[in-house]
file structure29.txt (compact mmCIF, C-alpha atoms)
# COMPACT_ATOMS: atom_id res chain seq x y z
CA MET X 1 -3.18 -11.05 -20.90
CA VAL X 2 -2.55 -7.32 -20.69
CA LYS X 3 0.90 -6.19 -21.78
CA ALA X 4 2.64 -3.39 -19.90
CA LYS X 5 6.03 -1.67 -20.10
CA LEU X 6 8.42 -1.15 -17.22
CA ARG X 7 9.74 2.42 -17.00
CA GLY X 8 12.00 2.94 -14.02
CA PHE X 9 10.06 1.67 -11.02
CA GLU X 10 6.63 2.21 -12.59
CA THR X 11 4.72 0.07 -15.02
CA ILE X 12 2.78 1.67 -17.87
CA VAL X 13 -0.27 0.18 -19.58
CA GLU X 14 -1.01 1.89 -22.90
CA ASP X 15 -2.80 1.27 -26.18
CA ASN X 16 -5.40 -1.01 -24.61
CA GLN X 17 -8.33 1.10 -23.44
CA GLU X 18 -10.46 -1.95 -22.59
CA ALA X 19 -7.77 -3.33 -20.27
CA ILE X 20 -7.11 0.11 -18.80
CA GLY X 21 -10.83 0.54 -18.07
CA PHE X 22 -11.00 -2.91 -16.46
CA LEU X 23 -8.01 -2.18 -14.19
CA VAL X 24 -9.14 1.35 -13.27
CA ASP X 25 -12.63 0.13 -12.35
CA ARG X 26 -11.03 -2.30 -9.90
CA GLY X 27 -8.90 0.38 -8.27
CA TYR X 28 -5.55 -0.26 -9.91
CA GLY X 29 -3.12 2.41 -10.99
CA ARG X 30 -3.18 6.10 -11.71
CA LEU X 31 -4.78 7.25 -14.98
CA GLU X 32 -3.15 10.20 -16.74
CA ASP X 33 -3.45 11.20 -20.41
CA GLY X 34 -4.84 7.81 -21.43
CA LEU X 35 -1.97 5.91 -19.80
CA LEU X 36 -2.33 3.78 -16.70
CA THR X 37 0.63 3.88 -14.33
CA LEU X 38 0.95 1.01 -11.87
CA SER X 39 2.98 1.17 -8.68
CA PRO X 40 5.54 -1.55 -7.93
CA VAL X 41 3.23 -3.40 -5.49
CA GLU X 42 0.37 -3.28 -7.99
CA THR X 43 2.70 -4.60 -10.68
CA LEU X 44 3.94 -7.47 -8.51
CA TYR X 45 0.39 -8.37 -7.52
CA LEU X 46 -1.03 -8.28 -11.06
CA VAL X 47 1.89 -10.32 -12.43
CA SER X 48 1.53 -12.89 -9.63
CA GLU X 49 -2.18 -13.15 -10.42
CA GLY X 50 -1.49 -13.61 -14.13
CA LYS X 51 -3.39 -10.44 -15.09
CA ILE X 52 -0.52 -8.58 -16.77
CA GLU X 53 2.75 -9.30 -18.49
CA VAL X 54 5.50 -6.74 -17.97
CA LEU X 55 8.01 -6.12 -20.74
CA ASP X 56 11.39 -4.44 -20.49
CA GLU X 57 12.80 -1.93 -23.01
CA ARG X 58 13.73 -4.84 -25.36
CA ASP X 59 10.18 -6.24 -25.15
CA SER X 60 11.36 -9.23 -23.13
CA SER X 61 8.95 -10.54 -20.53
CA LEU X 62 10.02 -10.00 -16.91
CA SER X 63 9.36 -12.61 -14.24
CA ILE X 64 8.12 -11.69 -10.79
CA ASP X 65 11.64 -12.43 -9.43
CA GLN X 66 13.21 -10.08 -11.98
CA LEU X 67 10.65 -7.38 -11.16
CA LEU X 68 11.23 -7.82 -7.45
CA SER X 69 14.99 -7.44 -7.95
CA ILE X 70 14.45 -4.21 -9.91
CA PHE X 71 11.97 -2.79 -7.40
CA LEU X 72 14.20 -3.65 -4.41
CA SER X 73 16.79 -1.23 -5.80
CA TYR X 74 14.20 1.57 -5.46
CA ASP X 75 12.55 0.45 -2.23
CA PRO X 76 14.19 -2.05 0.15
CA ASP X 77 10.79 -2.60 1.85
CA ILE X 78 8.93 -3.52 -1.34
CA TRP X 79 8.55 -7.20 -0.40
CA VAL X 80 6.97 -6.38 2.97
CA LYS X 81 4.64 -3.86 1.31
CA TYR X 82 3.73 -6.41 -1.34
CA LEU X 83 2.81 -8.99 1.32
CA VAL X 84 0.43 -6.51 2.97
CA TYR X 85 -0.97 -5.36 -0.38
CA ARG X 86 -1.56 -8.93 -1.52
CA ASP X 87 -3.23 -9.85 1.77
CA LEU X 88 -5.61 -6.87 1.66
CA ARG X 89 -6.46 -7.41 -2.02
CA SER X 90 -7.12 -11.11 -1.38
CA LYS X 91 -9.67 -10.02 1.25
CA GLY X 92 -11.51 -7.87 -1.29
CA TYR X 93 -10.23 -4.41 -0.38
CA VAL X 94 -9.15 -1.75 -2.85
CA VAL X 95 -5.68 -0.59 -1.85
CA LYS X 96 -3.96 2.56 -3.11
CA GLU X 97 -0.62 4.18 -2.30
CA GLY X 98 -0.39 6.06 1.00
CA VAL X 99 -0.72 9.77 1.60
CA GLY X 100 2.71 10.36 3.10
CA PHE X 101 3.94 10.79 6.70
CA GLY X 102 4.84 7.11 6.93
CA CYS X 103 1.59 5.51 5.80
CA ASP X 104 2.12 2.98 3.04
CA PHE X 105 -1.46 2.48 1.83
CA ARG X 106 -4.96 3.90 1.77
CA VAL X 107 -7.65 1.25 2.02
CA TYR X 108 -11.28 1.65 0.99
CA ARG X 109 -14.19 -0.07 2.66
CA LYS X 110 -15.47 -3.01 0.65
CA GLY X 111 -17.71 -1.60 -2.06
CA GLY X 112 -16.69 1.97 -1.21
CA TYR X 113 -14.06 2.60 -3.86
CA GLY X 114 -15.20 5.32 -6.24
CA ARG X 115 -18.05 6.35 -3.94
CA GLU X 116 -16.26 7.46 -0.79
CA ALA X 117 -12.82 8.40 0.47
CA ALA X 118 -10.47 5.79 1.85
CA ARG X 119 -11.34 4.99 5.46
CA PHE X 120 -8.10 3.36 6.61
CA LEU X 121 -4.42 4.23 6.41
CA ILE X 122 -2.00 1.32 6.68
CA PHE X 123 1.43 1.54 8.27
CA THR X 124 3.53 -1.56 7.60
CA LEU X 125 5.76 -2.69 10.42
CA PRO X 126 8.05 -5.67 9.82
CA GLU X 127 8.67 -7.85 12.85
CA GLY X 128 11.99 -6.98 14.46
CA ARG X 129 12.07 -3.37 13.32
CA SER X 130 11.74 -0.89 16.14
CA TYR X 131 9.92 2.42 16.14
CA LYS X 132 9.65 5.00 18.86
CA LEU X 133 6.21 5.30 20.39
CA SER X 134 6.38 9.04 19.69
CA GLU X 135 6.75 8.30 15.94
CA LEU X 136 3.66 6.08 15.95
CA GLU X 137 1.78 8.63 18.02
CA ASP X 138 2.66 11.36 15.49
CA ILE X 139 1.42 9.21 12.61
CA ALA X 140 -1.76 8.34 14.53
CA SER X 141 -2.37 12.02 15.28
CA LYS X 142 -2.00 13.03 11.62
CA THR X 143 -4.23 10.13 10.57
CA LYS X 144 -6.94 11.17 13.02
CA ARG X 145 -6.81 14.78 11.73
CA LEU X 146 -7.57 13.39 8.27
CA GLY X 147 -10.60 11.57 9.71
CA LYS X 148 -9.14 8.14 9.01
CA ASP X 149 -8.35 5.07 11.08
CA LEU X 150 -4.73 4.01 11.41
CA ILE X 151 -4.04 0.31 11.04
CA LEU X 152 -0.67 -1.22 11.84
CA ALA X 153 0.15 -4.16 9.59
CA ILE X 154 2.67 -6.31 11.44
CA ILE X 155 4.50 -8.78 9.19
CA ASP X 156 6.21 -11.68 10.91
CA ARG X 157 9.28 -13.50 9.64
CA ARG X 158 7.12 -16.11 7.87
CA GLY X 159 5.30 -13.41 5.90
CA ASP X 160 2.04 -13.61 7.84
CA VAL X 161 0.25 -10.29 8.37
CA VAL X 162 -1.65 -9.29 11.51
CA TYR X 163 -3.55 -6.00 11.73
CA TYR X 164 -3.94 -3.75 14.75
CA SER X 165 -5.94 -0.55 15.04
CA LEU X 166 -3.99 2.28 16.67
CA ASN X 167 -5.99 4.95 18.45
CA LEU X 168 -4.77 7.98 20.32
CA ILE X 169 -5.29 8.46 24.01
CA PRO X 170 -7.31 11.68 24.37
CA SER X 171 -5.13 14.51 25.63
CA LYS X 172 -7.20 14.86 28.86
CA PHE X 173 -6.29 11.28 29.76
CA LYS X 174 -2.67 11.93 28.81
CA ALA X 175 -2.56 14.90 31.18
CA ASP X 176 -4.18 12.83 33.95
CA ARG X 177 -1.65 10.04 33.39
CA GLU X 178 1.26 12.51 33.54
CA VAL X 179 -0.05 13.93 36.84
CA GLU X 180 -0.43 10.42 38.27
CA GLU X 181 3.13 9.57 37.23
CA GLU X 182 4.43 12.62 39.11
CA LEU X 183 2.73 11.47 42.34
call {"tool": "encode", "arguments": {"input": "structure29.txt", "output": "structure tokens"}}
result
Amino acid sequence: MVKAKLRGFETIVEDNQEAIGFLVDRGYGRLEDGLLTLSPVETLYLVSEGKIEVLDERDSSLSIDQLLSIFLSYDPDIWVKYLVYRDLRSKGYVVKEGVGFGCDFRVYRKGGYGREAARFLIFTLPEGRSYKLSELEDIASKTKRLGKDLILAIIDRRGDVVYYSLNLIPSKFKADREVEEEL
């Protein structure tokens, strides 16, 4: 099992180039100066799968519950993000951190990681949380400008994930709709 060190909210894999190569080839982490940095969701997933062991500053092994407690202090939505991440990984997708403006993840087509850019941007939306349609429209617009497809990942109270594609209504149709509403 690969040993890693927790530093703040990131997990660092060092001194094991074979393990680093294995993880990088499968789309995990960010490689810088020979160190592999894993995000919190990657860490939770790899620990839950038994692929890595995370140690604290005293070299004590941290359980997934302990890690979750630590990560929740940095990101109150980490559990919801983990559920989506785990679901996508279990379906064979490579999942990386989002590109900003509200998107949580970039997702590569199956077999496309390393050969092409991510095709999908994932926006996680826990059941019961409300968003203005204008916010979602803004995210969809930015996503479209990047040439990507926006996917809403809706997580219900039981932890099940359902995915919806969100497309923009072309502005011509928007204008037509506004005119019709005025009539």
call {"tool": "residues_around", "arguments": {"input": "structure29.txt", "residues": "Ala118 (chain X)", "least_positions_apart": "2", "cutoff": "12 Å", "atoms": "all atoms listed in the file", "output": "ChimeraX atom specification"}}
result
/X:27,93-99,105-116,120-122,143,146-150
call {"tool": "closest_residue", "arguments": {"input": "structure29.txt", "among": "X:Ile70, X:Val161, X:Leu125, X:Ile139", "to": "Gly102 (chain X)", "atoms": "only C-alpha atoms"}}
result
X:Ile139
call {"tool": "closest_residue", "arguments": {"input": "structure29.txt", "among": "X:Thr124, X:Thr43, X:Ser61, X:Asn167", "to": "Lys81 (chain X)", "atoms": "only C-alpha atoms"}}
result
X:Thr124
call {"tool": "closest_residue", "arguments": {"input": "structure29.txt", "among": "X:Glu10, X:Gly159, X:Arg89, X:Lys3", "to": "Asp59 (chain X)", "atoms": "all atoms listed in the file"}}
result
X:Lys3
call {"tool": "axis_aligned_box", "arguments": {"input": "structure29.txt", "around": "region 111-124 of chain X", "padding_each_side": "8 Å", "output": "JSON"}}
result
{"center_x": -7.3, "center_y": 3.4, "center_z": 1.0, "size_x": 37.6, "size_y": 26.0, "size_z": 30.5}
call {"tool": "atom_distance", "arguments": {"input": "structure29.txt", "atom1": "CA of Ile155 (chain X)", "atom2": "CA of Gly100 (chain X)"}}
result
20.2 Å
call {"tool": "atom_distance", "arguments": {"input": "structure29.txt", "atom1": "CA of Val24 (chain X)", "atom2": "CA of Leu36 (chain X)"}}
result
8.0 Å
call {"tool": "closest_residue", "arguments": {"input": "structure29.txt", "among": "X:Ala153, X:Pro40, X:Gly128, X:Ala117", "to": "Pro76 (chain X)", "atoms": "all atoms listed in the file"}}
result
X:Pro40
call {"tool": "residues_near_point", "arguments": {"input": "structure29.txt", "point": "(-11.3, -5.7, -12.2)", "cutoff": "12 Å", "atoms": "only C-alpha atoms", "output": "PyMOL selection string"}}
result
chain X and resi 18-29+46+49+51+89+92-94
call {"tool": "atom_distance", "arguments": {"input": "structure29.txt", "atom1": "CA of Glu137 (chain X)", "atom2": "CA of Arg158 (chain X)"}}
result
27.3 Å
